[in-house]
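Visitor: Sending over protein25.cif (mmCIF, C-alpha atoms).
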```
data_run
#
loop_
_atom_site.group_PDB
_atom_site.id
_atom_site.type_symbol
_atom_site.label_atom_id
_atom_site.label_comp_id
_atom_site.auth_asym_id
_atom_site.auth_seq_id
_atom_site.Cartn_x
_atom_site.Cartn_y
_atom_site.Cartn_z
ATOM 1 C CA ASP A 1 -43.415 21.685 -53.598
ATOM 2 C CA LYS A 2 -41.341 24.820 -53.943
ATOM 3 C CA GLY A 3 -38.566 25.065 -51.358
ATOM 4 C CA ARG A 4 -38.774 21.390 -50.418
ATOM 5 C CA LEU A 5 -35.955 18.922 -50.790
ATOM 6 C CA SER A 6 -36.392 15.962 -53.093
ATOM 7 C CA LYS A 7 -35.970 12.385 -51.852
ATOM 8 C CA THR A 8 -32.606 12.091 -53.603
ATOM 9 C CA GLU A 9 -31.341 15.301 -51.986
ATOM 10 C CA ILE A 10 -32.427 14.067 -48.552
ATOM 11 C CA GLU A 11 -30.744 10.682 -49.105
ATOM 12 C CA ARG A 12 -27.555 12.406 -50.270
ATOM 13 C CA MET A 13 -27.515 14.612 -47.166
ATOM 14 C CA VAL A 14 -28.106 11.650 -44.841
ATOM 15 C CA ASN A 15 -25.289 9.697 -46.523
ATOM 16 C CA GLU A 16 -22.909 12.652 -46.167
ATOM 17 C CA ALA A 17 -23.799 13.065 -42.507
ATOM 18 C CA SER A 18 -23.153 9.407 -41.730
ATOM 19 C CA LYS A 19 -19.871 9.591 -43.664
ATOM 20 C CA PHE A 20 -18.617 12.413 -41.433
ATOM 21 C CA GLU A 21 -20.011 11.035 -38.174
ATOM 22 C CA ALA A 22 -16.952 8.908 -37.365
ATOM 23 C CA ALA A 23 -14.542 11.741 -38.154
ATOM 24 C CA ASP A 24 -16.569 14.117 -35.987
ATOM 25 C CA LYS A 25 -16.502 11.686 -33.051
ATOM 26 C CA GLU A 26 -12.745 11.210 -33.428
ATOM 27 C CA GLN A 27 -12.211 14.977 -33.467
ATOM 28 C CA ARG A 28 -14.466 15.452 -30.420
ATOM 29 C CA ASP A 29 -12.564 12.755 -28.489
ATOM 30 C CA ARG A 30 -9.228 14.327 -29.450
ATOM 31 C CA VAL A 31 -10.344 17.775 -28.264
ATOM 32 C CA GLU A 32 -11.707 16.336 -25.002
ATOM 33 C CA SER A 33 -8.343 14.640 -24.340
ATOM 34 C CA LYS A 34 -6.483 17.860 -25.106
ATOM 35 C CA ASN A 35 -8.757 19.828 -22.773
ATOM 36 C CA GLY A 36 -8.347 17.166 -20.084
ATOM 37 C CA LEU A 37 -4.556 17.503 -20.134
ATOM 38 C CA GLU A 38 -4.707 21.289 -20.182
ATOM 39 C CA ASN A 39 -7.237 21.404 -17.332
ATOM 40 C CA TYR A 40 -5.226 18.973 -15.226
ATOM 41 C CA ALA A 41 -2.005 20.951 -15.693
ATOM 42 C CA PHE A 42 -3.617 24.287 -14.796
ATOM 43 C CA SER A 43 -5.558 22.719 -11.936
ATOM 44 C CA MET A 44 -2.347 21.347 -10.419
ATOM 45 C CA LYS A 45 -0.614 24.722 -10.817
ATOM 46 C CA ASN A 46 -3.536 26.426 -9.083
ATOM 47 C CA THR A 47 -3.650 23.798 -6.354
ATOM 48 C CA ILE A 48 -0.008 24.228 -5.380
ATOM 49 C CA ALA A 49 -0.399 28.025 -5.517
ATOM 50 C CA ASP A 50 -3.244 27.829 -2.972
ATOM 51 C CA PRO A 51 -1.887 29.082 0.389
ATOM 52 C CA ASN A 52 -3.617 26.202 2.214
ATOM 53 C CA VAL A 53 -1.734 23.684 0.085
ATOM 54 C CA ALA A 54 1.534 25.543 -0.502
ATOM 55 C CA GLY A 55 2.409 25.511 3.194
ATOM 56 C CA LYS A 56 2.081 21.737 3.330
ATOM 57 C CA LEU A 57 4.425 21.025 0.409
ATOM 58 C CA ASP A 58 8.210 21.025 0.348
ATOM 59 C CA ASP A 59 9.739 23.587 -1.990
ATOM 60 C CA SER A 60 11.292 20.755 -4.005
ATOM 61 C CA ASP A 61 7.884 19.083 -4.433
ATOM 62 C CA LYS A 62 6.290 22.368 -5.502
ATOM 63 C CA GLN A 63 9.089 22.883 -8.015
ATOM 64 C CA THR A 64 8.713 19.329 -9.340
ATOM 65 C CA ILE A 65 4.987 19.845 -9.952
ATOM 66 C CA THR A 66 5.516 23.321 -11.412
ATOM 67 C CA ASP A 67 8.183 22.053 -13.808
ATOM 68 C CA ALA A 68 6.076 19.088 -14.899
ATOM 69 C CA CYS A 69 3.038 21.324 -15.486
ATOM 70 C CA GLU A 70 5.112 23.851 -17.430
ATOM 71 C CA ARG A 71 6.514 21.059 -19.627
ATOM 72 C CA ALA A 72 2.983 19.779 -20.285
ATOM 73 C CA VAL A 73 1.659 23.243 -21.171
ATOM 74 C CA GLN A 74 4.667 23.907 -23.411
ATOM 75 C CA TRP A 75 4.120 20.561 -25.156
ATOM 76 C CA LEU A 76 0.430 21.436 -25.628
ATOM 77 C CA GLN A 77 1.316 24.761 -27.236
ATOM 78 C CA ASN A 78 3.696 23.051 -29.655
ATOM 79 C CA ASN A 79 1.396 20.115 -30.457
ATOM 80 C CA GLN A 80 -2.058 21.542 -31.076
ATOM 81 C CA GLU A 81 -2.930 18.775 -33.549
ATOM 82 C CA ALA A 82 -1.658 15.761 -31.590
ATOM 83 C CA SER A 83 -3.700 12.565 -31.375
ATOM 84 C CA LYS A 84 -6.031 11.622 -28.539
ATOM 85 C CA GLU A 85 -3.554 8.939 -27.468
ATOM 86 C CA GLU A 86 -0.680 11.450 -27.278
ATOM 87 C CA TYR A 87 -2.703 13.801 -25.077
ATOM 88 C CA GLU A 88 -3.746 10.935 -22.804
ATOM 89 C CA SER A 89 -0.161 9.685 -22.587
ATOM 90 C CA HIS A 90 1.117 13.118 -21.539
ATOM 91 C CA GLN A 91 -1.656 13.431 -18.955
ATOM 92 C CA LYS A 92 -0.704 10.050 -17.470
ATOM 93 C CA GLU A 93 2.933 11.200 -17.307
ATOM 94 C CA LEU A 94 1.892 14.385 -15.500
ATOM 95 C CA GLU A 95 -0.329 12.431 -13.099
ATOM 96 C CA THR A 96 2.583 10.061 -12.408
ATOM 97 C CA VAL A 97 4.600 13.052 -11.203
ATOM 98 C CA CYS A 98 1.834 14.921 -9.348
ATOM 99 C CA ASN A 99 -0.286 12.221 -7.704
ATOM 100 C CA PRO A 100 2.415 10.764 -5.393
ATOM 101 C CA ILE A 101 3.351 14.250 -4.161
ATOM 102 C CA MET A 102 -0.272 15.213 -3.546
ATOM 103 C CA THR A 103 -1.012 11.874 -1.871
ATOM 104 C CA LYS A 104 2.000 12.332 0.412
ATOM 105 C CA MET A 105 0.801 15.836 1.291
ATOM 106 C CA TYR A 106 -2.748 14.704 2.080
ATOM 107 C CA GLN A 107 -1.517 11.755 4.141
ATOM 108 C CA GLY A 108 0.796 14.071 6.067
ATOM 109 C CA ALA A 109 -2.157 16.381 6.710
ATOM 110 C CA GLY A 110 -4.164 13.571 8.273
ATOM 111 C CA GLY A 111 -5.975 12.690 5.067
ATOM 112 C CA ALA A 112 -8.150 15.186 3.284
ATOM 113 C CA PRO A 113 -11.592 14.322 1.974
ATOM 114 C CA GLY A 114 -11.329 12.892 -1.507
ATOM 115 C CA ALA A 115 -7.655 11.996 -1.217
ATOM 116 C CA ALA A 116 -8.398 8.291 -1.157
ATOM 117 C CA GLY A 117 -10.257 8.478 -4.449
ATOM 118 C CA ALA A 118 -7.532 10.256 -6.353
ATOM 119 C CA GLY A 119 -6.654 7.831 -9.088
ATOM 120 C CA PRO A 120 -5.549 8.088 -12.687
ATOM 121 C CA SER A 121 -8.585 10.214 -13.501
ATOM 122 C CA GLY A 122 -6.880 13.191 -11.871
ATOM 123 C CA GLY A 123 -8.907 13.402 -8.707
ATOM 124 C CA PHE A 124 -6.681 16.113 -7.243
ATOM 125 C CA GLY A 125 -8.228 19.066 -9.018
ATOM 126 C CA GLY A 126 -8.129 22.607 -7.760
ATOM 127 C CA ALA A 127 -11.322 21.908 -5.813
ATOM 128 C CA ALA A 128 -9.750 19.401 -3.418
ATOM 129 C CA PRO A 129 -8.468 21.937 -0.852
ATOM 130 C CA SER A 130 -11.826 23.726 -0.712
ATOM 131 C CA SER A 131 -13.633 20.496 0.160
ATOM 132 C CA ALA A 132 -12.476 20.796 3.776
ATOM 133 C CA PRO A 133 -15.220 20.195 6.336
ATOM 134 C CA SER A 134 -15.477 23.895 7.238
ATOM 135 C CA ALA A 135 -15.846 25.003 3.601
ATOM 136 C CA GLY A 136 -19.632 24.828 3.427
ATOM 137 C CA PRO A 137 -22.821 24.667 5.424
ATOM 138 C CA LYS A 138 -23.338 21.794 7.811
ATOM 139 C CA VAL A 139 -26.373 19.612 7.196
ATOM 140 C CA GLU A 140 -27.860 17.888 10.197
ATOM 141 C CA GLU A 141 -30.535 15.245 10.006
ATOM 142 C CA VAL A 142 -33.788 16.053 11.752
ATOM 143 C CA ASP A 143 -36.230 13.343 12.781
#
```
Step by step, read the file and then write its structure as structure tokens.
Guide:
Amino acid sequence: DKGRLSKTEIERMVNEASKFEAADKEQRDRVESKNGLENYAFSMKNTIADPNVAGKLDDSDKQTITDACERAVQWLQNNQEASKEEYESHQKELETVCNPIMTKMYQGAGGAPGAAGAGPSGGFGGAAPSSAPSAGPKVEEVD
């Protein structure tokens, strides 16, 4: 039985693992919320920098989104250890600024695909402009 763990060592290891499981899940959720806010902010900055989108936005709207994204990124840099709830709250604030502007732009453009489904989950990612009908191959049904 050389090199094998005893029953007590195995039980101790299992108990330690279950002790840390909740803390690990909390940390994972916190990091996912942080990444969500960071991704949303950079996605919005990239979206308004896209020439297809930039021409459809007023300069004041572009500046509003840029300022809000910069504030969010600055807050992220200064609050690396914030709670999940703080990250989610800041993302909701950013979405509150960005979503009405993006909705107005898409409605003014005759409604882009995916614009109707843009809710609090941040549906206006950087991929929205590229989802135009001419962006990919056309699939036709064949009988």
Visitor: Report as a list in words the residues that result from applying the PyMOL selection byres ((chain A and resi 80) around 12) to the structure here.
Guide: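 When the PyMOL selection byres ((chain A and resi 80) around 12) is applied, the selected residues are Arg30, Val31, Ser33, Lys34, Asn35, Leu37, Glu38, Val73, Gln74, Trp75, Leu76, Gln77, Asn78, Asn79, Glu81, Ala82, Ser83, Lys84, Glu86 and Tyr87 of chain A.
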Visitor: Box for stretch 5-22 of chain A: with edges along x, y and z, all listed atoms inside and 3 Å added on each side, what are the centre and edge lengths in Å to one decimal, as lines of an AutoDock Vina configuration file?
Guide:
```
center_x = -26.7
center_y = 13.9
center_z = -45.5
size_x = 25.4
size_y = 16.0
size_z = 22.2
```
Visitor: Work out how far apart atom CA of A:Cys69 and atom CA of A:Lys104 are and give it in Å to one decimal.
Guide: 18.3 Å
Visitor: Which distance in Å separates atom CA of A:Ala41 and atom CA of A:Ala68, to one decimal?
Guide: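 These atoms are spaced 8.3 Å apart.
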Visitor: For each of A:Glu70, A:Glu11, A:Glu85, A:Asp61, take the minimum atom-to-atom distance to A:Glu26, counting all atoms listed in the file, then give the residue where this is smallest.
Guide: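 Ranking A:Glu70, A:Glu11, A:Glu85, A:Asp61 by distance to A:Glu26, first place goes to A:Glu85.
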Visitor: Give me the result of the PyMOL selection byres ((chain A and resi 64) around 12) on this file, residue by residue, as a list in words.
Guide: Met44, Lys45, Ile48, Leu57, Asp58, Asp59, Ser60, Asp61, Lys62, Gln63, Ile65, Thr66, Asp67, Ala68, Cys69, Glu70, Arg71, Leu94, Glu95, Thr96, Val97, Cys98, Asn99, Pro100, Ile101 and Met102 of chain A
Visitor: Just C-alpha atoms for this one: save the residues we selected as a PDB file, keeping the file's coordinate frame.
Guide:
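selection-v5.pdb, freshly written:
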```pdb
ATOM      1  CA  MET A  44      -2.347  21.347 -10.419  1.00  0.00           C
ATOM      2  CA  LYS A  45      -0.614  24.722 -10.817  1.00  0.00           C
ATOM      3  CA  ILE A  48      -0.008  24.228  -5.380  1.00  0.00           C
ATOM      4  CA  LEU A  57       4.425  21.025   0.409  1.00  0.00           C
ATOM      5  CA  ASP A  58       8.210  21.025   0.348  1.00  0.00           C
ATOM      6  CA  ASP A  59       9.739  23.587  -1.990  1.00  0.00           C
ATOM      7  CA  SER A  60      11.292  20.755  -4.005  1.00  0.00           C
ATOM      8  CA  ASP A  61       7.884  19.083  -4.433  1.00  0.00           C
ATOM      9  CA  LYS A  62       6.290  22.368  -5.502  1.00  0.00           C
ATOM     10  CA  GLN A  63       9.089  22.883  -8.015  1.00  0.00           C
ATOM     11  CA  ILE A  65       4.987  19.845  -9.952  1.00  0.00           C
ATOM     12  CA  THR A  66       5.516  23.321 -11.412  1.00  0.00           C
ATOM     13  CA  ASP A  67       8.183  22.053 -13.808  1.00  0.00           C
ATOM     14  CA  ALA A  68       6.076  19.088 -14.899  1.00  0.00           C
ATOM     15  CA  CYS A  69       3.038  21.324 -15.486  1.00  0.00           C
ATOM     16  CA  GLU A  70       5.112  23.851 -17.430  1.00  0.00           C
ATOM     17  CA  ARG A  71       6.514  21.059 -19.627  1.00  0.00           C
ATOM     18  CA  LEU A  94       1.892  14.385 -15.500  1.00  0.00           C
ATOM     19  CA  GLU A  95      -0.329  12.431 -13.099  1.00  0.00           C
ATOM     20  CA  THR A  96       2.583  10.061 -12.408  1.00  0.00           C
ATOM     21  CA  VAL A  97       4.600  13.052 -11.203  1.00  0.00           C
ATOM     22  CA  CYS A  98       1.834  14.921  -9.348  1.00  0.00           C
ATOM     23  CA  ASN A  99      -0.286  12.221  -7.704  1.00  0.00           C
ATOM     24  CA  PRO A 100       2.415  10.764  -5.393  1.00  0.00           C
ATOM     25  CA  ILE A 101       3.351  14.250  -4.161  1.00  0.00           C
ATOM     26  CA  MET A 102      -0.272  15.213  -3.546  1.00  0.00           C
TER      27      MET A 102
END
```
Visitor: Would you work out the distance separating atom CA of A:Phe42 from atom CA of A:Ala72, expressed in Å to one decimal?
Guide: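 According to the coordinates, atom CA of A:Phe42 and atom CA of A:Ala72 are separated by 9.7 Å.
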Visitor: From the list A:Asn39, A:Gly108, A:Glu141, A:Ala17, which residue is nearest A:Gly55 when using only C-alpha atoms?
Guide: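 The closest residue to A:Gly55 is A:Gly108.
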Visitor: Give the answer as one residue: which of A:Asn52, A:Gln91, A:Asn46, A:Ser6 has the shortest atom-to-atom distance to A:Tyr106, using all atoms listed in the file?
Guide: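 Selected residue with least distance to A:Tyr106: A:Asn52.
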